[in-house]
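For reference, the structure discussed in these notes is given below.
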Amino acid sequence: MTRLQLALAGCLVLFVSRMSLAAGTAAGTSIQNTAQVTYTVGGSQVTTPSNTNAITVAERLDVNVTLQSGPVSVQGGQVRRELVLRVTNTGNGDEAFQLAMTSVIGGDNFDPTPSSPAIYFDTDASGTLTAGDTAYVPGTNDPLLVPDAFVTVLVVNDIPTGLANGAIGRSRLSAQAKTGTGTPGTVFAGLGTGGVDAVVGSSGASSNATGEYVVSDVSLSNVKSATVLDPFGGTEPVPGARITYQILVNATGTGSAANAVIDDAIPANTTFVPGSLRLNAVALSDATDADAGEFIPGANPGVRVHLGNLAAAAGTQTVLFQVTIN
Amino acid sequence: MTMAKGWFKSTGVVALSICALAGSARAADPGCIVLQNIAEVEQASTDAKGVKTVKLVPAVKVVPGDTVIYTLKFRNTCDKPAEKVSVDNPVPEHMAYVAGSAVGPNTEISFSIDGGYKFDKAEALRKKDSDGTERAARPNEYTNIRWVMNHPLAAGAEGYARFRAVLE
């Protein structure tokens, strides 16, 4: 009885261990298969197992580099601006990866200047370059990743001066499996995790991703203020009182902000006063039409004013609109 | 007393079938049928004339996503026919059965999704999801495959069964 239960428990463990990773069954795993045949000869039933064949899973070398940051807004002359990338071991064995970067890439408007050093690990997981981050030194601290693990990497560049607003500069991070790279299917005998064969996977055991810097030598600021006029000539915010909102928009810097738009929501428990929208004291119709502004009705009402390509030279833009308190 | 005896018996059956799946070793039986289990992979090559050929080679280098072809060859070494011949193979751990790949001349093929306790035709296997809804079992949920010969295996005769599985 006790032995029977022990045998049962021991066999069940094999079911529980049936797990798999996104990267697939781990390199070095032994895949065993035993069949059995049952038959009757001369009235007695016999069961015989087959031989057990075992296949050792080879290491598949795969890597994936992905960009984690969108286009990074920069200004000419800035130093140590970072792009955030991620290197993931998509193979099925423990693997070290060699990293490299370049900022000389065709099809962009300028070449960012790699800082020295130009590759950091985002050690403190802040997503920005900070004093706590460790510089990458090829051959010294190549990231060793278990299957499915990733490391966040910062590619750091300085931005040249004298660039046009909107100019784009690209920079690229590449990662290669240290065991080897090549066309998919290339075999490195005995060089995989634990001495198994390593086979190059669909990535070629090499991957790269490119990020970009966009020169944006302009910044927009806005200041919003409100004045209340109640039905009795006072300034109490009581039902029926009218609030006039004023938004002052300023561009600073040497560039211009393309297609700048101001969106402002109508506060809850208030109602937009039709025909009250103004841009620089010029009345704008509520309809979406040729003029620069409109009232947007609906569940989340708001006003929108199109300021066009706004540069510092245009001066302060003044948007006004009114609501009444319900 | 009778009840206790019955309970023992049924527990014994369960333990036997689960252990059979796990492929635990059992005492060698000097039986009539010798069963040989072969694992191979397809290797494609193109000759100088551009003719493409695919041959089976022993499975040595297998990585996730690769398909392994398991062939179970059986031969009756006795001078008497063997009846009710049934070949069972658990789908190996870390592998998923490839839909429709099980073949075997003169055999009825059935599958199990519960570790070899119950077997049924592929189209009759139903699985209950965690929310209680029932659906057709997916081929990668098959745990065991069984080939039952529909006639006795004559003395000296041979047969084979085969299936494909993908390494997860």
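All residue names refer to the structure tokens as shown: chains lettered A, B, ... in order, residues numbered from 1 in each chain, ligands numbered from 1 in order.
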
DSSP on the backbone, then: every residue of segment 34-142 of chain B marked strand (DSSP E), written as number ranges by chain. B: 34-46, 52-58, 67-76, 83-90, 95-97, 107-112, 126-128, 134-136

Do a neighbour search on segment 142-151 of chain A at 9 Å with only C-alpha atoms, toss out local chain neighbours closer than 4 positions, and write the hits as a ChimeraX atom specification. /A:21-24,26,85-99,121-123,136-138,178

Within 9 Å of Val46 of chain A using only C-alpha atoms, minus same-chain residues under 6 positions, as a ChimeraX atom specification: /A:37-40 /B:29,31-32

What lies within 8 Å of Leu173 of chain A using only C-alpha atoms, ignoring chain neighbours under 6 positions off, as a PyMOL selection string? chain A and resi 65+85+99-102+155+208-210

Please write the residues from the selection above to a file, keeping N, CA and C atoms, as a tab-separated table (two decimals), in the first residue's frame.
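Output saved as out33.tsv:
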chain	number	residue	atom	x	y	z
A	65	VAL	N	16.98	42.50	-30.56
A	65	VAL	CA	17.21	43.84	-30.03
A	65	VAL	C	16.01	44.69	-30.39
A	85	LEU	N	17.29	50.76	-25.37
A	85	LEU	CA	17.06	49.54	-26.15
A	85	LEU	C	17.08	48.34	-25.22
A	99	LEU	N	28.05	43.47	-27.75
A	99	LEU	CA	27.27	44.63	-28.19
A	99	LEU	C	28.16	45.60	-28.97
A	100	ALA	N	27.54	46.30	-29.91
A	100	ALA	CA	28.25	47.33	-30.66
A	100	ALA	C	27.25	48.39	-31.07
A	101	MET	N	27.73	49.63	-31.29
A	101	MET	CA	26.83	50.68	-31.74
A	101	MET	C	27.49	51.46	-32.87
A	102	THR	N	26.64	52.10	-33.66
A	102	THR	CA	27.14	53.01	-34.68
A	102	THR	C	26.13	54.13	-34.85
A	155	VAL	N	22.14	53.66	-25.37
A	155	VAL	CA	23.10	54.10	-26.38
A	155	VAL	C	23.17	55.62	-26.27
A	208	ASN	N	19.74	43.84	-34.49
A	208	ASN	CA	20.00	45.24	-34.20
A	208	ASN	C	18.72	46.04	-34.25
A	209	ALA	N	18.77	47.21	-33.63
A	209	ALA	CA	17.62	48.12	-33.68
A	209	ALA	C	18.16	49.54	-33.72
A	210	THR	N	17.41	50.40	-34.40
A	210	THR	CA	17.86	51.76	-34.63
A	210	THR	C	16.89	52.74	-33.97

From the options B:Asp79, B:Asp131, B:Glu93, B:Glu168, which residue's atoms come nearest to Asn144 of chain B, counting only C-alpha atoms?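 Of the candidates, the smallest distance to Asn144 of chain B is held by B:Glu93.
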
Residue nearest chain A among B:Asp120, B:Glu40, B:Glu158, B:Asp129 (counting only C-alpha atoms):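 Closest residue, counting only C-alpha atoms: B:Glu40.
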
Within 7 Å of chain A, which residues of chain B are there when counting only C-alpha atoms? Please give them as a ChimeraX atom specification. /B:15,18-19,22-23,29,31,35-37,59-64,81-90,92-94,168

Save the residues we just selected, C-alpha atoms, as a tab-separated table (two decimals), in the first residue's frame?
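Once written, selection-v5.tsv looks like this:
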chain	number	residue	atom	x	y	z
B	15	ALA	CA	-0.64	3.65	-10.93
B	18	ILE	CA	0.56	6.58	-15.15
B	19	CYS	CA	3.89	4.86	-14.70
B	22	ALA	CA	6.43	8.09	-17.57
B	23	GLY	CA	8.33	5.31	-19.29
B	29	ASP	CA	10.07	-9.80	-20.77
B	31	GLY	CA	8.32	-12.01	-25.22
B	35	LEU	CA	9.64	-3.36	-30.41
B	36	GLN	CA	12.24	-0.96	-31.74
B	37	ASN	CA	11.86	2.77	-31.19
B	59	ALA	CA	17.82	12.82	-34.49
B	60	VAL	CA	21.03	14.21	-33.05
B	61	LYS	CA	20.79	18.00	-33.18
B	62	VAL	CA	17.26	19.03	-32.26
B	63	VAL	CA	16.30	22.58	-31.30
B	64	PRO	CA	12.91	24.00	-30.28
B	81	PRO	CA	0.79	-15.64	-34.18
B	82	ALA	CA	0.39	-12.78	-31.68
B	83	GLU	CA	-3.14	-11.53	-31.16
B	84	LYS	CA	-4.61	-8.26	-29.90
B	85	VAL	CA	-1.37	-6.44	-30.71
B	86	SER	CA	-1.41	-2.93	-29.30
B	87	VAL	CA	1.46	-0.43	-29.42
B	88	ASP	CA	1.39	2.46	-26.96
B	89	ASN	CA	3.60	5.54	-27.00
B	90	PRO	CA	3.38	8.49	-24.67
B	92	PRO	CA	7.52	12.60	-24.97
B	93	GLU	CA	7.85	15.38	-22.44
B	94	HIS	CA	8.58	18.81	-24.01
B	168	GLU	CA	8.40	22.86	-27.73

Which one of A:Phe110, A:Glu82, A:Asp263, A:Val74 sits closest to Thr130 of chain A if you count only C-alpha atoms?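 Among the listed residues, A:Glu82 lies closest to Thr130 of chain A.
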
To one decimal place in Å, what is the distance between atom CA of Ala258 of chain A and atom CA of Ala287 of chain A?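 Computing the Euclidean distance for atom CA of Ala258 of chain A and atom CA of Ala287 of chain A yields 23.1 Å.
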
Restricting the calculation to only C-alpha atoms, which member of A:Gln317, A:Ser276, A:Thr193, A:Thr271 is positioned closest to Asn250 of chain A?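 The shortest atom-to-atom distance to Asn250 of chain A comes from A:Gln317.
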